[in-house]
file structure.txt (compact mmCIF, C-alpha atoms)
# COMPACT_ATOMS: atom_id res chain seq x y z
CA MET A 268 74.37 210.15 -16.97
CA ARG A 269 76.62 209.35 -19.91
CA LYS A 270 79.89 207.51 -19.38
CA ILE A 271 82.62 208.85 -21.68
CA LEU A 272 86.02 207.23 -22.23
CA PHE A 273 88.89 209.16 -23.85
CA VAL A 274 91.68 207.10 -25.41
CA CYS A 275 95.15 207.93 -26.74
CA SER A 276 98.41 205.95 -26.86
CA GLN A 277 100.15 206.56 -23.54
CA ASN A 278 97.39 208.24 -21.49
CA ARG A 279 99.82 211.01 -20.59
CA LEU A 280 98.86 214.07 -22.66
CA ARG A 281 95.73 214.09 -24.84
CA SER A 282 93.26 211.76 -23.13
CA PRO A 283 94.08 212.92 -19.57
CA THR A 284 93.61 216.51 -20.74
CA ALA A 285 90.21 215.59 -22.16
CA GLU A 286 89.29 213.77 -18.96
CA GLN A 287 90.26 216.74 -16.83
CA ILE A 288 88.45 219.40 -18.86
CA PHE A 289 85.19 217.42 -19.03
CA ALA A 290 85.30 215.93 -15.50
CA SER A 291 83.41 218.83 -13.94
CA ARG A 292 80.33 218.37 -16.12
CA PRO A 293 77.40 217.12 -14.04
CA ASP A 294 75.82 215.25 -16.96
CA MET A 295 78.66 212.77 -17.52
CA GLU A 296 81.28 210.56 -15.94
CA VAL A 297 84.66 210.54 -17.68
CA GLU A 298 87.69 208.27 -17.70
CA SER A 299 90.79 208.06 -19.85
CA ALA A 300 93.16 205.30 -20.89
CA GLY A 301 95.94 204.44 -23.33
CA THR A 302 96.16 201.72 -25.96
CA ASN A 303 99.84 200.98 -25.28
CA HIS A 304 100.68 198.29 -22.73
CA ASP A 305 102.97 200.73 -20.88
CA ALA A 306 100.36 203.51 -20.78
CA ASP A 307 99.86 205.34 -17.47
CA ASN A 308 96.35 203.82 -17.34
CA PRO A 309 96.22 200.94 -19.85
CA LEU A 310 92.94 200.32 -21.66
CA THR A 311 91.02 197.32 -20.27
CA ALA A 312 87.92 195.39 -21.27
CA GLU A 313 86.26 196.66 -18.09
CA LEU A 314 86.76 200.29 -19.14
CA VAL A 315 85.49 199.55 -22.64
CA GLU A 316 82.37 197.84 -21.24
CA TRP A 317 81.82 200.73 -18.79
CA ALA A 318 81.74 203.40 -21.50
CA ASP A 319 78.64 204.58 -23.36
CA MET A 320 80.82 206.45 -25.87
CA ILE A 321 84.53 206.20 -26.60
CA PHE A 322 86.47 209.10 -28.08
CA VAL A 323 89.85 208.16 -29.55
CA MET A 324 92.43 210.77 -30.46
CA GLU A 325 93.47 209.10 -33.76
CA LYS A 326 92.09 206.45 -36.10
CA VAL A 327 94.92 204.08 -35.14
CA HIS A 328 93.52 204.01 -31.60
CA ARG A 329 90.09 202.96 -32.92
CA THR A 330 91.71 200.15 -34.90
CA LYS A 331 93.63 198.88 -31.86
CA LEU A 332 90.54 199.12 -29.68
CA GLN A 333 88.38 197.23 -32.18
CA LYS A 334 90.97 194.45 -32.58
CA ARG A 335 91.75 193.94 -28.89
CA PHE A 336 88.33 194.55 -27.34
CA ARG A 337 85.81 193.52 -29.99
CA SER A 338 83.70 191.42 -27.60
CA ALA A 339 83.66 194.16 -24.94
CA LEU A 340 82.56 196.85 -27.40
CA LYS A 341 79.10 195.50 -28.23
CA THR A 342 77.26 198.56 -29.61
CA THR A 343 79.49 201.24 -28.04
CA ARG A 344 80.10 204.10 -30.43
CA ILE A 345 83.76 204.96 -31.14
CA ILE A 346 84.51 208.42 -32.48
CA SER A 347 87.91 209.56 -33.71
CA LEU A 348 88.68 213.19 -32.89
CA ASP A 349 91.69 213.24 -35.25
CA ILE A 350 93.93 215.06 -32.79
CA PRO A 351 97.65 214.40 -33.44
CA ASP A 352 100.17 213.81 -30.67
CA ASP A 353 101.53 217.35 -30.97
CA TYR A 354 100.44 218.83 -27.64
CA ASP A 355 101.47 218.92 -23.99
CA PHE A 356 99.16 218.07 -21.09
CA MET A 357 96.61 220.87 -20.58
CA GLN A 358 98.16 222.97 -23.37
CA PRO A 359 95.67 225.79 -24.15
CA GLU A 360 95.62 224.91 -27.88
CA LEU A 361 94.78 221.28 -27.03
CA ILE A 362 92.00 222.36 -24.67
CA ARG A 363 90.46 224.61 -27.35
CA LEU A 364 90.72 221.84 -29.95
CA LEU A 365 89.10 219.26 -27.65
CA GLU A 366 86.27 221.62 -26.71
CA ALA A 367 85.63 222.47 -30.38
CA LYS A 368 85.66 218.85 -31.56
CA MET A 369 83.56 217.57 -28.66
CA ALA A 370 80.91 220.29 -29.07
CA ARG A 371 79.13 218.39 -31.84
CA TYR A 372 78.81 215.24 -29.69
CA LEU A 373 78.04 216.71 -26.28
CA PRO A 374 75.28 219.20 -25.69
CA VAL A 375 76.17 222.26 -23.65
CA SER A 376 76.17 221.47 -19.96
CA PRO A 377 73.11 222.86 -18.15
CA VAL A 378 75.40 224.67 -15.70
CA ALA A 379 77.87 225.98 -18.28
CA GLY A 380 78.90 229.54 -17.66
CA GLN A 381 78.02 229.50 -13.98

call {"tool": "encode", "arguments": {"input": "structure.txt", "output": "structure tokens"}}
result
Amino acid sequence: MRKILFVCSQNRLRSPTAEQIFASRPDMEVESAGTNHDADNPLTAELVEWADMIFVMEKVHRTKLQKRFRSALKTTRIISLDIPDDYDFMQPELIRLLEAKMARYLPVSPVAGQ
């Protein structure tokens, strides 16, 4: 089972939306966090070490993650989805964008459509 971490700045809109829409997949565990110190769920070295793959919403998040958690990253792949902070939590346009951008990295769930 793959462990996926979604990261944005405040962990209030984009990354929690991603966590929620992918949480029901049986082939992965998902978490979300924010790079800012006052994020709802601040990013920690433990979360970074836990993840098999980390999806950041913007390149600035990757830069912060690499600077603050270099030793925890090891060989963990970090992928920027290039999703701007222009959406509300669970906004339909954000959900469609996340699903479209994640499709190339995550195979279709074996129970999709059931």

call {"tool": "closest_atom_pairs", "arguments": {"input": "structure.txt", "of": "range 272-321 of chain A", "to": "range 355-372 of chain A", "cutoff": "9 Å", "atoms": "only C-alpha atoms", "output": "tab-separated table"}}
result
residue	atom	partner	partner_atom	distance
A:Arg279	CA	A:Phe356	CA	7.1
A:Leu280	CA	A:Phe356	CA	4.3
A:Arg281	CA	A:Phe356	CA	6.5
A:Ser282	CA	A:Phe356	CA	8.9
A:Pro283	CA	A:Phe356	CA	7.4
A:Thr284	CA	A:Met357	CA	5.3
A:Ala285	CA	A:Leu365	CA	6.7
A:Gln287	CA	A:Met357	CA	8.5
A:Ile288	CA	A:Ile362	CA	7.4
A:Phe289	CA	A:Glu366	CA	8.8

call {"tool": "atom_distance", "arguments": {"input": "structure.txt", "atom1": "CA of Met295 in chain A", "atom2": "CA of Arg329 in chain A"}}
result
21.5 Å

call {"tool": "closest_residue", "arguments": {"input": "structure.txt", "among": "A:Lys331, A:Phe322, A:Leu310, A:Glu286", "to": "Ile350 in chain A", "atoms": "only C-alpha atoms"}}
result
A:Phe322

call {"tool": "residues_around", "arguments": {"input": "structure.txt", "residues": "range 333-349 of chain A", "least_positions_apart": "6", "cutoff": "6 Å", "atoms": "all atoms listed in the file", "output": "PyMOL selection string"}}
result
chain A and resi 312+316+319-326

call {"tool": "closest_residue", "arguments": {"input": "structure.txt", "among": "A:Phe273, A:Leu332, A:Met268, A:Leu314", "to": "Glu296 in chain A", "atoms": "all atoms listed in the file"}}
result
A:Met268

call {"tool": "atom_distance", "arguments": {"input": "structure.txt", "atom1": "CA of Pro374 in chain A", "atom2": "CA of Asp294 in chain A"}}
result
9.6 Å

call {"tool": "atom_distance", "arguments": {"input": "structure.txt", "atom1": "CA of Leu373 in chain A", "atom2": "CA of Ser299 in chain A"}}
result
16.7 Å

call {"tool": "residues_near_point", "arguments": {"input": "structure.txt", "point": "(98.7, 203.5, -26.3)", "cutoff": "10 Å", "atoms": "all atoms listed in the file", "output": "JSON, numbers by chain"}}
result
{"A": [274, 275, 276, 277, 278, 279, 300, 301, 302, 303, 304, 305, 306, 307, 308, 309, 310, 327, 328, 331, 332]}

call {"tool": "closest_residue", "arguments": {"input": "structure.txt", "among": "A:Thr311, A:Ile271, A:Asp352, A:Thr330", "to": "Arg292 in chain A", "atoms": "only C-alpha atoms"}}
result
A:Ile271
